[in-house]
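Enquirer: For reference, the file work_33.cif (mmCIF, C-alpha atoms) is included below:
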```
data_run
loop_
_atom_site.label_atom_id
_atom_site.label_comp_id
_atom_site.auth_asym_id
_atom_site.auth_seq_id
_atom_site.Cartn_x
_atom_site.Cartn_y
_atom_site.Cartn_z
CA MET A 336 0.00 0.00 0.00
CA SER A 337 1.40 3.36 -0.98
CA ALA A 338 0.05 6.55 0.52
CA ALA A 339 -0.65 9.26 -2.01
CA ALA A 340 -0.06 13.00 -2.11
CA ILE A 341 -3.11 15.11 -2.91
CA ALA A 342 -3.03 18.65 -4.28
CA PHE A 343 -6.01 20.98 -4.68
CA GLU A 344 -5.35 23.88 -7.05
CA SER A 345 -7.90 26.72 -7.14
CA VAL A 346 -10.71 24.22 -6.71
CA ARG A 347 -14.09 25.79 -7.34
CA VAL A 348 -17.55 24.20 -7.10
CA ARG A 349 -20.94 25.75 -7.62
CA TYR A 350 -24.06 23.63 -7.24
CA ARG A 351 -26.68 23.96 -9.91
CA GLY A 352 -29.15 26.71 -9.07
CA ALA A 353 -26.97 28.14 -6.28
CA ASP A 354 -26.14 31.85 -6.40
CA ARG A 355 -22.67 31.48 -4.93
CA ASP A 356 -19.80 29.00 -4.96
CA ALA A 357 -19.80 26.12 -2.49
CA LEU A 358 -15.99 26.11 -2.79
CA ARG A 359 -14.30 29.38 -3.72
CA GLY A 360 -10.86 28.47 -5.00
CA ILE A 361 -9.33 25.99 -2.57
CA ASP A 362 -5.56 25.57 -2.58
CA LEU A 363 -4.30 22.79 -0.38
CA THR A 364 -1.46 20.28 -0.52
CA ILE A 365 -1.56 17.08 1.48
CA ALA A 366 1.56 14.99 2.01
CA PRO A 367 1.59 11.18 1.66
CA GLY A 368 0.38 9.58 4.89
CA GLU A 369 -0.91 12.81 6.34
CA PHE A 370 -4.16 12.88 8.36
CA VAL A 371 -6.03 16.11 7.60
CA ALA A 372 -9.25 17.10 9.36
CA LEU A 373 -11.69 19.43 7.63
CA VAL A 374 -13.72 21.41 10.15
CA GLY A 375 -16.25 24.20 10.03
CA ALA A 376 -19.93 24.93 10.42
CA SER A 377 -22.53 23.08 8.35
CA GLY A 378 -22.65 24.45 4.83
CA CYS A 379 -19.02 25.62 4.93
CA GLY A 380 -18.04 23.24 2.11
CA LYS A 381 -16.14 20.57 4.04
CA THR A 382 -18.21 17.66 2.74
CA THR A 383 -18.17 19.14 -0.76
CA LEU A 384 -14.37 19.33 -0.65
CA LEU A 385 -14.16 15.70 0.46
CA ARG A 386 -16.46 14.56 -2.35
CA THR A 387 -14.42 16.28 -5.03
CA VAL A 388 -11.55 13.87 -4.37
CA ASN A 389 -13.44 10.78 -5.56
CA ARG A 390 -15.34 12.80 -8.15
CA LEU A 391 -18.76 12.44 -6.54
CA THR A 392 -18.90 16.22 -6.91
CA PRO A 393 -17.53 17.60 -10.18
CA LEU A 394 -15.35 20.72 -10.27
CA ASP A 395 -16.35 23.97 -11.90
CA GLY A 396 -12.81 25.25 -11.83
CA GLY A 397 -9.28 24.33 -10.80
CA ARG A 398 -7.92 20.82 -10.55
CA ILE A 399 -7.06 18.06 -8.13
CA THR A 400 -4.06 15.79 -8.51
CA ILE A 401 -3.30 12.55 -6.72
CA ASP A 402 0.40 11.70 -6.92
CA GLY A 403 0.66 14.26 -9.71
CA ALA A 404 -2.10 12.83 -11.90
CA ASP A 405 -5.07 15.11 -12.61
CA ILE A 406 -8.07 13.07 -11.42
CA ALA A 407 -10.24 14.58 -14.17
CA THR A 408 -8.16 12.56 -16.66
CA LEU A 409 -8.67 9.25 -14.79
CA ASP A 410 -11.52 6.79 -15.18
CA PRO A 411 -13.84 7.64 -12.24
CA VAL A 412 -14.66 3.99 -11.53
CA ALA A 413 -11.00 2.95 -11.38
CA LEU A 414 -10.16 6.06 -9.35
CA ARG A 415 -12.85 5.33 -6.76
CA ARG A 416 -11.63 1.78 -6.27
CA THR A 417 -8.33 3.20 -5.01
CA ILE A 418 -10.01 5.59 -2.58
CA GLY A 419 -11.59 4.34 0.67
CA TYR A 420 -14.86 6.03 1.60
CA ALA A 421 -16.62 5.93 4.97
CA ILE A 422 -19.62 8.08 5.90
CA GLN A 423 -21.80 8.71 8.92
CA ALA A 424 -24.74 6.78 7.50
CA THR A 425 -22.29 3.89 6.76
CA GLY A 426 -23.91 3.08 3.39
CA LEU A 427 -23.47 -0.62 4.14
CA PHE A 428 -25.37 -2.81 1.68
CA SER A 429 -28.29 -4.19 3.68
CA HIS A 430 -28.69 -7.35 1.58
CA MET A 431 -25.05 -8.40 1.96
CA SER A 432 -23.29 -10.02 4.90
CA VAL A 433 -20.62 -8.12 6.81
CA ALA A 434 -17.97 -10.16 4.99
CA ARG A 435 -19.33 -9.30 1.55
CA ASN A 436 -19.64 -5.65 2.48
CA VAL A 437 -16.03 -5.53 3.61
CA GLY A 438 -14.85 -7.53 0.62
CA ILE A 439 -16.88 -5.70 -2.02
CA VAL A 440 -14.10 -3.54 -3.47
CA PRO A 441 -11.64 -6.46 -3.67
CA GLU A 442 -14.47 -8.39 -5.35
CA LEU A 443 -14.98 -5.57 -7.87
CA LEU A 444 -11.24 -5.53 -8.47
CA GLY A 445 -11.35 -9.24 -9.23
CA TRP A 446 -9.25 -10.48 -6.35
CA GLU A 447 -9.19 -14.24 -5.87
CA ARG A 448 -11.77 -15.52 -3.42
CA GLU A 449 -9.23 -16.79 -0.88
CA ARG A 450 -7.29 -13.54 -0.92
CA THR A 451 -10.48 -11.53 -0.39
CA ALA A 452 -11.65 -13.81 2.43
CA ALA A 453 -8.28 -13.52 4.19
CA ARG A 454 -8.30 -9.76 3.73
CA VAL A 455 -11.85 -9.50 5.12
CA ASP A 456 -10.79 -11.36 8.27
CA ASP A 457 -7.72 -9.12 8.61
CA MET A 458 -9.83 -6.00 8.25
CA LEU A 459 -12.44 -7.18 10.78
CA ALA A 460 -9.64 -7.95 13.23
CA LEU A 461 -8.14 -4.53 12.54
CA VAL A 462 -11.37 -2.80 13.59
CA ARG A 463 -11.63 -5.21 16.56
CA LEU A 464 -14.57 -7.27 15.39
CA ASP A 465 -14.13 -11.03 15.84
CA PRO A 466 -14.33 -12.36 12.26
CA ALA A 467 -15.91 -15.66 13.34
CA ARG A 468 -18.72 -13.81 15.14
CA TYR A 469 -19.36 -10.99 12.70
CA ARG A 470 -18.52 -12.33 9.23
CA ASP A 471 -22.01 -13.68 8.45
CA ARG A 472 -24.12 -11.03 10.13
CA ARG A 473 -26.30 -8.60 8.24
CA PRO A 474 -25.85 -4.85 8.74
CA ARG A 475 -29.23 -4.60 10.49
CA GLU A 476 -27.93 -6.97 13.17
CA LEU A 477 -25.15 -4.55 14.14
CA SER A 478 -25.09 -1.73 16.69
CA GLY A 479 -24.23 1.76 15.45
CA GLY A 480 -20.64 1.41 16.61
CA GLU A 481 -20.23 -2.03 15.04
CA ALA A 482 -21.70 -0.83 11.74
CA GLN A 483 -19.28 2.08 11.73
CA ARG A 484 -16.35 -0.31 12.33
CA VAL A 485 -17.52 -2.40 9.37
CA GLY A 486 -17.71 0.79 7.32
CA VAL A 487 -14.10 1.60 8.16
CA ALA A 488 -13.06 -1.99 7.39
CA ARG A 489 -14.75 -1.76 4.00
CA ALA A 490 -13.06 1.55 3.25
CA LEU A 491 -9.63 0.04 3.96
CA ALA A 492 -10.09 -3.42 2.46
CA ALA A 493 -8.68 -2.81 -1.02
CA GLU A 494 -5.55 -1.08 0.29
CA PRO A 495 -6.60 2.41 -0.82
CA ARG A 496 -4.12 5.20 -1.53
CA VAL A 497 -6.46 7.71 0.05
CA LEU A 498 -9.08 7.40 2.78
CA LEU A 499 -12.07 9.78 2.82
CA MET A 500 -14.20 9.92 5.95
CA ASP A 501 -17.28 12.10 6.41
CA GLU A 502 -18.26 12.40 10.07
CA PRO A 503 -17.94 8.64 10.45
CA PHE A 504 -18.55 8.80 14.19
CA GLY A 505 -21.08 11.64 14.13
CA ALA A 506 -24.11 9.54 15.05
CA LEU A 507 -22.52 7.61 17.91
CA ASP A 508 -22.77 8.21 21.63
CA ALA A 509 -19.81 9.80 23.41
CA ILE A 510 -18.28 6.61 24.82
CA VAL A 511 -18.41 4.58 21.60
CA ARG A 512 -17.18 7.61 19.73
CA ARG A 513 -14.16 8.06 22.01
CA ASP A 514 -13.42 4.38 21.60
CA LEU A 515 -13.54 4.49 17.82
CA GLN A 516 -11.47 7.67 17.66
CA ARG A 517 -8.72 5.89 19.58
CA GLU A 518 -8.95 2.87 17.29
CA LEU A 519 -8.89 5.02 14.17
CA ALA A 520 -5.77 6.78 15.43
CA ARG A 521 -4.14 3.36 15.89
CA ILE A 522 -5.31 2.11 12.49
CA VAL A 523 -4.12 5.11 10.49
CA ASP A 524 -0.80 4.87 12.32
CA ASP A 525 -0.63 1.22 11.24
CA VAL A 526 -1.65 1.55 7.61
CA GLY A 527 -0.42 5.10 7.01
CA THR A 528 -3.02 5.93 4.36
CA THR A 529 -3.41 9.59 3.44
CA THR A 530 -6.66 10.54 5.17
CA LEU A 531 -9.16 13.37 4.76
CA PHE A 532 -11.58 13.47 7.66
CA VAL A 533 -14.64 15.73 7.82
CA THR A 534 -15.98 16.59 11.25
CA HIS A 535 -17.78 19.40 13.00
CA ASP A 536 -16.31 18.17 16.30
CA VAL A 537 -13.18 20.27 16.85
CA HIS A 538 -12.09 18.06 19.72
CA GLU A 539 -12.15 15.02 17.43
CA ALA A 540 -10.15 16.96 14.84
CA ARG A 541 -7.57 17.92 17.44
CA ARG A 542 -7.20 14.36 18.71
CA LEU A 543 -6.78 12.73 15.32
CA ALA A 544 -5.32 15.14 12.82
CA ASP A 545 -1.78 16.03 11.81
CA ARG A 546 -3.25 19.15 10.29
CA ILE A 547 -6.58 20.92 10.59
CA VAL A 548 -8.21 22.83 7.76
CA VAL A 549 -10.82 25.30 8.98
CA LEU A 550 -13.33 26.12 6.25
CA ARG A 551 -15.78 29.01 6.22
CA ASP A 552 -18.18 29.89 3.42
CA GLY A 553 -16.30 27.77 0.91
CA ALA A 554 -12.83 29.14 1.63
CA ILE A 555 -9.96 28.10 3.87
CA GLU A 556 -9.87 30.22 7.00
CA GLN A 557 -6.76 28.57 8.40
CA CYS A 558 -4.74 25.45 7.69
CA ALA A 559 -2.27 24.46 10.39
CA THR A 560 -1.31 21.84 12.98
CA PRO A 561 -3.66 21.49 15.95
CA HIS A 562 -1.02 23.13 18.13
CA GLU A 563 -0.75 26.17 15.87
CA ILE A 564 -4.52 26.49 15.51
CA LEU A 565 -4.86 26.61 19.26
CA SER A 566 -1.86 28.80 20.01
CA ALA A 567 -2.10 31.14 17.04
CA PRO A 568 -5.59 31.21 15.53
CA ALA A 569 -5.46 33.17 12.29
CA THR A 570 -8.85 34.86 12.73
CA PRO A 571 -11.43 35.52 15.45
CA PHE A 572 -13.60 32.86 13.77
CA VAL A 573 -10.96 30.18 14.29
CA ARG A 574 -10.33 31.35 17.83
CA ASP A 575 -14.05 31.12 18.66
CA LEU A 576 -14.38 27.73 16.98
CA PHE A 577 -11.62 26.28 19.17
CA ALA A 578 -12.43 28.33 22.28
CA GLU A 579 -13.44 25.31 24.33
CA GLU A 580 -10.27 23.42 23.47
CA ARG A 581 -7.93 25.95 25.06
CA MET B 1112 -68.54 -31.89 -6.89
CA SER B 1113 -69.11 -35.45 -8.02
CA TYR B 1114 -67.44 -34.58 -11.33
CA LEU B 1115 -64.17 -33.81 -9.52
CA GLY B 1116 -64.42 -37.18 -7.78
CA THR B 1117 -64.86 -39.16 -10.98
CA HIS B 1118 -62.70 -37.09 -13.34
CA TRP B 1119 -59.94 -35.96 -10.98
CA ALA B 1120 -57.17 -37.22 -13.27
CA HIS B 1121 -58.56 -35.23 -16.21
CA VAL B 1122 -58.95 -32.08 -14.07
CA LEU B 1123 -55.44 -32.54 -12.73
CA ALA B 1124 -54.02 -32.82 -16.26
CA LEU B 1125 -55.89 -29.66 -17.31
CA THR B 1126 -54.63 -27.88 -14.17
CA GLY B 1127 -51.11 -28.87 -15.14
CA ALA B 1128 -51.58 -27.53 -18.66
CA HIS B 1129 -53.09 -24.36 -17.21
CA LEU B 1130 -50.14 -23.82 -14.88
CA GLU B 1131 -47.69 -24.52 -17.68
CA LEU B 1132 -49.32 -21.88 -19.88
CA VAL B 1133 -49.30 -19.32 -17.07
CA LEU B 1134 -45.70 -20.01 -16.06
CA ALA B 1135 -44.44 -19.79 -19.64
CA ALA B 1136 -46.29 -16.51 -20.15
CA LEU B 1137 -45.05 -15.21 -16.80
CA ALA B 1138 -41.44 -16.05 -17.68
CA LEU B 1139 -41.60 -14.21 -20.99
CA ALA B 1140 -43.53 -11.34 -19.44
CA PHE B 1141 -40.90 -10.97 -16.72
CA ALA B 1142 -38.05 -11.03 -19.24
CA ILE B 1143 -39.73 -8.18 -21.13
CA SER B 1144 -40.72 -6.20 -18.05
CA LEU B 1145 -37.27 -6.20 -16.46
CA PRO B 1146 -35.52 -3.86 -18.92
CA LEU B 1147 -38.69 -1.76 -19.26
CA GLY B 1148 -38.86 -1.43 -15.47
CA VAL B 1149 -35.19 -0.40 -15.28
CA VAL B 1150 -35.78 2.31 -17.89
CA ALA B 1151 -38.92 3.46 -16.08
CA ALA B 1152 -36.97 3.64 -12.80
CA ARG B 1153 -34.15 5.67 -14.36
CA SER B 1154 -36.09 8.43 -16.11
CA ALA B 1155 -39.31 10.23 -15.24
CA ARG B 1156 -40.13 10.66 -18.92
CA GLY B 1157 -39.49 6.96 -19.62
CA SER B 1158 -41.72 6.05 -16.72
CA THR B 1159 -44.58 8.26 -17.92
CA LEU B 1160 -44.33 6.92 -21.45
CA ILE B 1161 -43.96 3.22 -20.66
CA LEU B 1162 -46.52 3.07 -17.85
CA GLY B 1163 -48.89 5.23 -19.89
CA ILE B 1164 -48.84 2.81 -22.80
CA LEU B 1165 -49.04 -0.27 -20.59
CA GLY B 1166 -51.81 1.29 -18.50
CA ALA B 1167 -53.84 1.93 -21.65
CA LEU B 1168 -53.22 -1.65 -22.77
CA TYR B 1169 -54.35 -2.84 -19.35
CA THR B 1170 -57.72 -1.14 -19.75
CA ILE B 1171 -58.62 -2.96 -22.99
CA PRO B 1172 -61.32 -5.55 -22.18
CA SER B 1173 -59.70 -8.96 -22.27
CA LEU B 1174 -62.31 -10.47 -24.61
CA ALA B 1175 -61.81 -7.63 -27.11
CA LEU B 1176 -58.03 -8.06 -26.99
CA LEU B 1177 -58.42 -11.79 -27.40
CA ALA B 1178 -60.64 -11.31 -30.45
CA VAL B 1179 -57.98 -9.15 -32.08
CA LEU B 1180 -55.26 -11.66 -31.21
CA VAL B 1181 -57.27 -14.52 -32.72
CA GLU B 1182 -57.49 -12.47 -35.92
CA LEU B 1183 -53.70 -12.17 -35.87
CA PHE B 1184 -52.61 -15.59 -34.64
CA GLY B 1185 -55.59 -17.87 -35.26
CA LEU B 1186 -57.18 -20.19 -32.68
CA GLY B 1187 -55.23 -22.16 -30.08
CA THR B 1188 -52.77 -21.35 -27.32
CA LEU B 1189 -50.90 -18.50 -28.98
CA PRO B 1190 -53.54 -15.71 -28.70
CA ILE B 1191 -54.18 -16.32 -25.00
CA PHE B 1192 -50.43 -16.62 -24.39
CA VAL B 1193 -49.83 -13.22 -25.98
CA ALA B 1194 -52.76 -11.72 -24.06
CA LEU B 1195 -51.35 -13.00 -20.76
CA VAL B 1196 -47.90 -11.58 -21.52
CA ALA B 1197 -49.40 -8.20 -22.49
CA TYR B 1198 -51.67 -7.87 -19.45
CA ALA B 1199 -48.89 -8.77 -17.00
CA GLN B 1200 -46.62 -5.95 -18.23
CA PHE B 1201 -48.33 -3.15 -16.36
CA VAL B 1202 -48.04 -4.75 -12.91
CA LEU B 1203 -44.57 -6.20 -13.52
CA VAL B 1204 -42.99 -3.04 -14.96
CA ARG B 1205 -44.55 -0.90 -12.26
CA ASN B 1206 -43.16 -3.13 -9.50
CA VAL B 1207 -39.68 -3.43 -11.01
CA ALA B 1208 -39.52 0.36 -11.26
CA ALA B 1209 -40.95 0.89 -7.77
CA GLY B 1210 -38.52 -1.65 -6.30
CA ILE B 1211 -35.50 0.05 -7.85
CA ARG B 1212 -36.73 3.52 -6.90
CA GLY B 1213 -37.23 2.31 -3.35
CA VAL B 1214 -33.53 1.54 -2.86
CA ASP B 1215 -32.04 3.74 -0.14
CA PRO B 1216 -30.22 6.60 -1.93
CA ILE B 1217 -27.39 6.29 0.61
CA GLU B 1218 -26.74 2.70 -0.45
CA ARG B 1219 -26.90 3.72 -4.09
CA GLU B 1220 -24.41 6.52 -3.58
CA ALA B 1221 -22.12 4.31 -1.51
CA ALA B 1222 -22.08 1.85 -4.42
CA ILE B 1223 -20.97 4.60 -6.80
CA ALA B 1224 -18.47 6.00 -4.30
CA ILE B 1225 -16.66 2.68 -3.87
CA GLY B 1226 -16.30 2.27 -7.62
CA MET B 1227 -19.26 0.30 -8.97
CA THR B 1228 -20.05 0.72 -12.66
CA PRO B 1229 -23.72 1.41 -13.55
CA ARG B 1230 -23.98 -2.29 -14.38
CA ASP B 1231 -22.52 -3.34 -10.99
CA LEU B 1232 -24.90 -0.94 -9.29
CA LEU B 1233 -27.91 -2.49 -11.02
CA LEU B 1234 -26.95 -6.14 -10.68
CA ARG B 1235 -25.26 -6.12 -7.27
CA VAL B 1236 -27.27 -3.51 -5.38
CA GLU B 1237 -30.46 -2.24 -7.00
CA LEU B 1238 -32.04 -5.47 -8.28
CA PRO B 1239 -31.22 -7.55 -5.18
CA LEU B 1240 -32.67 -4.84 -2.94
CA ALA B 1241 -35.72 -4.50 -5.21
CA LEU B 1242 -36.32 -8.26 -5.26
CA PRO B 1243 -39.11 -8.44 -2.62
CA VAL B 1244 -41.12 -5.79 -4.50
CA ILE B 1245 -40.41 -7.50 -7.83
CA VAL B 1246 -41.58 -10.86 -6.45
CA GLY B 1247 -44.68 -9.07 -5.13
CA GLY B 1248 -45.41 -8.00 -8.71
CA LEU B 1249 -44.86 -11.54 -9.99
CA ARG B 1250 -47.33 -12.81 -7.41
CA ILE B 1251 -50.06 -10.36 -8.34
CA ALA B 1252 -49.46 -10.97 -12.05
CA ALA B 1253 -49.49 -14.76 -11.64
CA VAL B 1254 -52.79 -14.77 -9.77
CA ALA B 1255 -54.43 -12.49 -12.34
CA MET B 1256 -53.00 -14.59 -15.17
CA ILE B 1257 -54.40 -17.83 -13.74
CA ALA B 1258 -57.91 -16.34 -13.82
CA LEU B 1259 -57.42 -14.72 -17.21
CA ALA B 1260 -55.99 -17.88 -18.75
CA THR B 1261 -59.39 -19.61 -18.39
CA LEU B 1262 -60.49 -17.42 -21.32
CA GLY B 1263 -58.13 -19.52 -23.38
CA GLY B 1264 -60.82 -22.19 -23.39
CA TYR B 1265 -62.89 -19.88 -25.58
CA VAL B 1266 -60.22 -19.80 -28.29
CA GLY B 1267 -59.23 -23.45 -28.14
CA ALA B 1268 -56.26 -23.35 -25.80
CA ASN B 1269 -55.60 -26.28 -23.49
CA GLY B 1270 -56.18 -25.71 -19.77
CA LEU B 1271 -58.96 -25.33 -17.23
CA GLY B 1272 -60.77 -22.90 -19.53
CA ALA B 1273 -61.41 -25.78 -21.92
CA LEU B 1274 -63.35 -27.53 -19.19
CA ILE B 1275 -65.31 -24.41 -18.28
CA PHE B 1276 -66.24 -23.51 -21.86
CA ASN B 1277 -67.09 -27.12 -22.64
CA GLY B 1278 -69.41 -27.09 -19.65
CA LEU B 1279 -70.95 -23.83 -20.83
CA ALA B 1280 -71.56 -25.21 -24.33
CA LEU B 1281 -73.03 -28.50 -23.15
CA HIS B 1282 -74.81 -27.11 -20.06
CA HIS B 1283 -72.69 -29.35 -17.84
CA SER B 1284 -72.63 -27.20 -14.74
CA ASP B 1285 -70.43 -29.69 -12.85
CA GLU B 1286 -67.66 -29.18 -15.42
CA ILE B 1287 -67.96 -25.41 -15.01
CA VAL B 1288 -67.76 -25.76 -11.23
CA ALA B 1289 -64.84 -28.19 -11.41
CA GLY B 1290 -62.88 -25.88 -13.74
CA SER B 1291 -63.58 -22.83 -11.61
CA VAL B 1292 -62.72 -24.54 -8.35
CA ALA B 1293 -59.48 -25.92 -9.77
CA SER B 1294 -58.53 -22.52 -11.19
CA GLY B 1295 -59.27 -20.86 -7.86
CA ALA B 1296 -57.32 -23.45 -5.92
CA LEU B 1297 -54.36 -23.03 -8.29
CA ALA B 1298 -54.45 -19.26 -7.82
CA ILE B 1299 -54.52 -19.59 -4.05
CA ALA B 1300 -51.65 -22.09 -4.06
CA VAL B 1301 -49.47 -19.90 -6.30
CA ASP B 1302 -50.35 -16.83 -4.22
CA LEU B 1303 -49.35 -18.55 -0.98
CA GLY B 1304 -46.13 -19.89 -2.46
CA LEU B 1305 -44.98 -16.53 -3.82
CA ARG B 1306 -46.13 -14.76 -0.68
CA GLY B 1307 -43.81 -17.03 1.26
CA ALA B 1308 -40.98 -16.26 -1.15
CA GLU B 1309 -41.67 -12.55 -0.81
CA ARG B 1310 -41.57 -12.72 2.97
CA ALA B 1311 -38.37 -14.78 2.99
CA LEU B 1312 -36.67 -12.14 0.84
CA ARG B 1313 -37.55 -9.20 3.07
#
```
Could the structure of this file be written out as structure tokens, please?

Expert:
Amino acid sequence: MSAAAIAFESVRVRYRGADRDALRGIDLTIAPGEFVALVGASGCGKTTLLRTVNRLTPLDGGRITIDGADIATLDPVALRRTIGYAIQATGLFSHMSVARNVGIVPELLGWERERTAARVDDMLALVRLDPARYRDRRPRELSGGEAQRVGVARALAAEPRVLLMDEPFGALDAIVRRDLQRELARIVDDVGTTTLFVTHDVHEARRLADRIVVLRDGAIEQCATPHEILSAPATPFVRDLFAEER
Amino acid sequence: MSYLGTHWAHVLALTGAHLELVLAALALAFAISLPLGVVAARSARGSTLILGILGALYTIPSLALLAVLVELFGLGTLPIFVALVAYAQFVLVRNVAAGIRGVDPIEREAAIAIGMTPRDLLLRVELPLALPVIVGGLRIAAVAMIALATLGGYVGANGLGALIFNGLALHHSDEIVAGSVASGALAIAVDLGLRGAERALR
């Protein structure tokens, strides 16, 4: 698995019918293996920015490169199979077992059955779900925390170059959430995938991220390490956002 | 009911022929409805057009349709077979489309986000998730087709209709009753079977 560098160059997005840009020229460079949290109020563009990376949201200006290749020139299906994606609602396929959900991208990539099965067990173990107990369950038989773990396992199964996560722990209670944050920190340390993580929880961002990008009205307000954000907020908005963390 | 007692083997054979006709028509009808249903699920305009045409077809009185089909295909099994296939379209297409539209948009988007092609999305996510609704359509269509297929007796097709129309012609009310009871029993049996399948899939 090789972690990828991502570069956003003047990235602009305007949704159809909107009277202003959802992203107003984002410039951002992410190093291989870096964990970057995108924070800001709802509607600030953080989810939109995340979704531009796997081309769920098309650009209206600028470009995005992964390891130097402009993603607009790549086949979107092939691109997405190299990018892990985990979201708050999990998006697990309700008619498939946990094992098939986790192994779906390897299956799409045409991995051999034994290799996929072994990888599924590895991934379940990685997110601390006993493969023997969970492999054959359906998503509806899982708790919120378990479903979220399966979602993370699925996102990582095909050894992605980039991991995109959109408030993956947003719907969980505080204890489970704390637990999963700790596990995610361990996992990304282990696998070292370049990770973009959307959250409105500044505490979560501070715990997990190498760098925090604060977005406001579709533009970057500040982009810095958690330490810098706390010690030297660039604007009153950033200072207020992180007020409780200091 | 004495007729059923004495001629049970004959009634059973006709029931078998009846079921065979319905199942063959259902299979062809389903094969046609599946792509139509997918198109109807994908585009609002396609849905309006396809369901509009099929809805209009559905309102044609079955005897009138059958008369036209006899003109085209002559007497025998073919006209009733075509009528069955045509009448089933409305229910089948509507349920295929409704089943696909009913798939959780989050699951659909997750499928795209992880790199499924439109074909993967349809075959691996949308159709499996739509299956209970699709089977529901098959059930309703099958029951309606079993009743409708008795009209085949009027145009010389084999099946329970032959018994009923023979009874009508010869004023043998016991044949009419036997044919009707067998047709009803067949419809109930098929309904129960597919209902079970539907429930198991949910």

Enquirer: Please, which residues of chain B lie no more than 6 Å from chain A when the count uses all atoms listed in the file, and can they be set out as an mmCIF file with C-alpha atoms, in the coordinates of the input?

Expert:
```cif
data_model
loop_
_atom_site.group_PDB
_atom_site.id
_atom_site.type_symbol
_atom_site.label_atom_id
_atom_site.label_comp_id
_atom_site.auth_asym_id
_atom_site.auth_seq_id
_atom_site.Cartn_x
_atom_site.Cartn_y
_atom_site.Cartn_z
ATOM 1 C CA ILE B 1217 -27.390 6.290 0.610
ATOM 2 C CA GLU B 1218 -26.740 2.700 -0.450
ATOM 3 C CA ALA B 1221 -22.120 4.310 -1.510
ATOM 4 C CA ILE B 1225 -16.660 2.680 -3.870
ATOM 5 C CA GLY B 1226 -16.300 2.270 -7.620
#
```

Enquirer: For the PyMOL selection byres ((chain B and resi 1292) around 12), applied here, can you spell out every residue it catches as a ChimeraX atom specification?

Expert: /B:1112,1114-1115,1122-1123,1126,1257-1258,1261,1271-1272,1274-1275,1285-1291,1293-1299

Enquirer: On this structure, which residues satisfy the PyMOL selection byres ((chain A and resi 517) around 12), written as a list in words?

Expert: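 Applying the PyMOL selection byres ((chain A and resi 517) around 12) to the structure shown produces Val462, Arg463, Phe504, Ile510, Val511, Arg512, Arg513, Asp514, Leu515, Gln516, Glu518, Leu519, Ala520, Arg521, Ile522, Val523, Asp524, Glu539, Arg542, Leu543 and Ala544 of chain A.
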
Enquirer: Skip Val346 of chain A itself and residues of its chain fewer than 2 positions away, then list as number ranges by chain all residues within 9 Å of it, counting only C-alpha atoms.

Expert: A: 343-344, 348, 358-362, 384, 387, 394-399

Enquirer: If the PyMOL selection byres ((chain B and resi 1243) around 8) is run on the structure shown, which residues does it catch, given as a VMD selection string?

Expert: chain B and resid 1210 1240 to 1242 1244 to 1247 1309 to 1310 1312 to 1313

Enquirer: Given all atoms listed in the file as the basis, pick out the residue of A:Ala404, A:Val485, A:Leu464, A:Arg475 nearest to Val437 of chain A.

Expert: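 Of the candidates, the smallest distance to Val437 of chain A is held by A:Val485.
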
Enquirer: Taking all atoms of segment 501-520 of chain A that appear in the file, build a box with edges along x, y and z, extend it by 3 Å on every side, and state its centre and edge lengths in Å to one decimal, as lines of an AutoDock Vina configuration file.

Expert:
```
center_x = -14.9
center_y = 7.6
center_z = 15.6
size_x = 24.3
size_y = 15.5
size_z = 24.4
```

Enquirer: Please list as a ChimeraX atom specification every residue within 10 Å of Pro1146 of chain B, counting only C-alpha atoms and excluding residues in the same chain fewer than 5 positions away.

Expert: /B:1141,1151-1152,1204,1207-1208

Enquirer: Place a sphere of radius 12 Å on (-53.4, -16.4, -31.9) in the file coordinates and name every protein, DNA or RNA residue with an atom inside or on its surface, counting all atoms listed in the file; give the answer as an MDAnalysis selection string.

Expert: chainID B and resid 1176:1195 1263 1265:1268
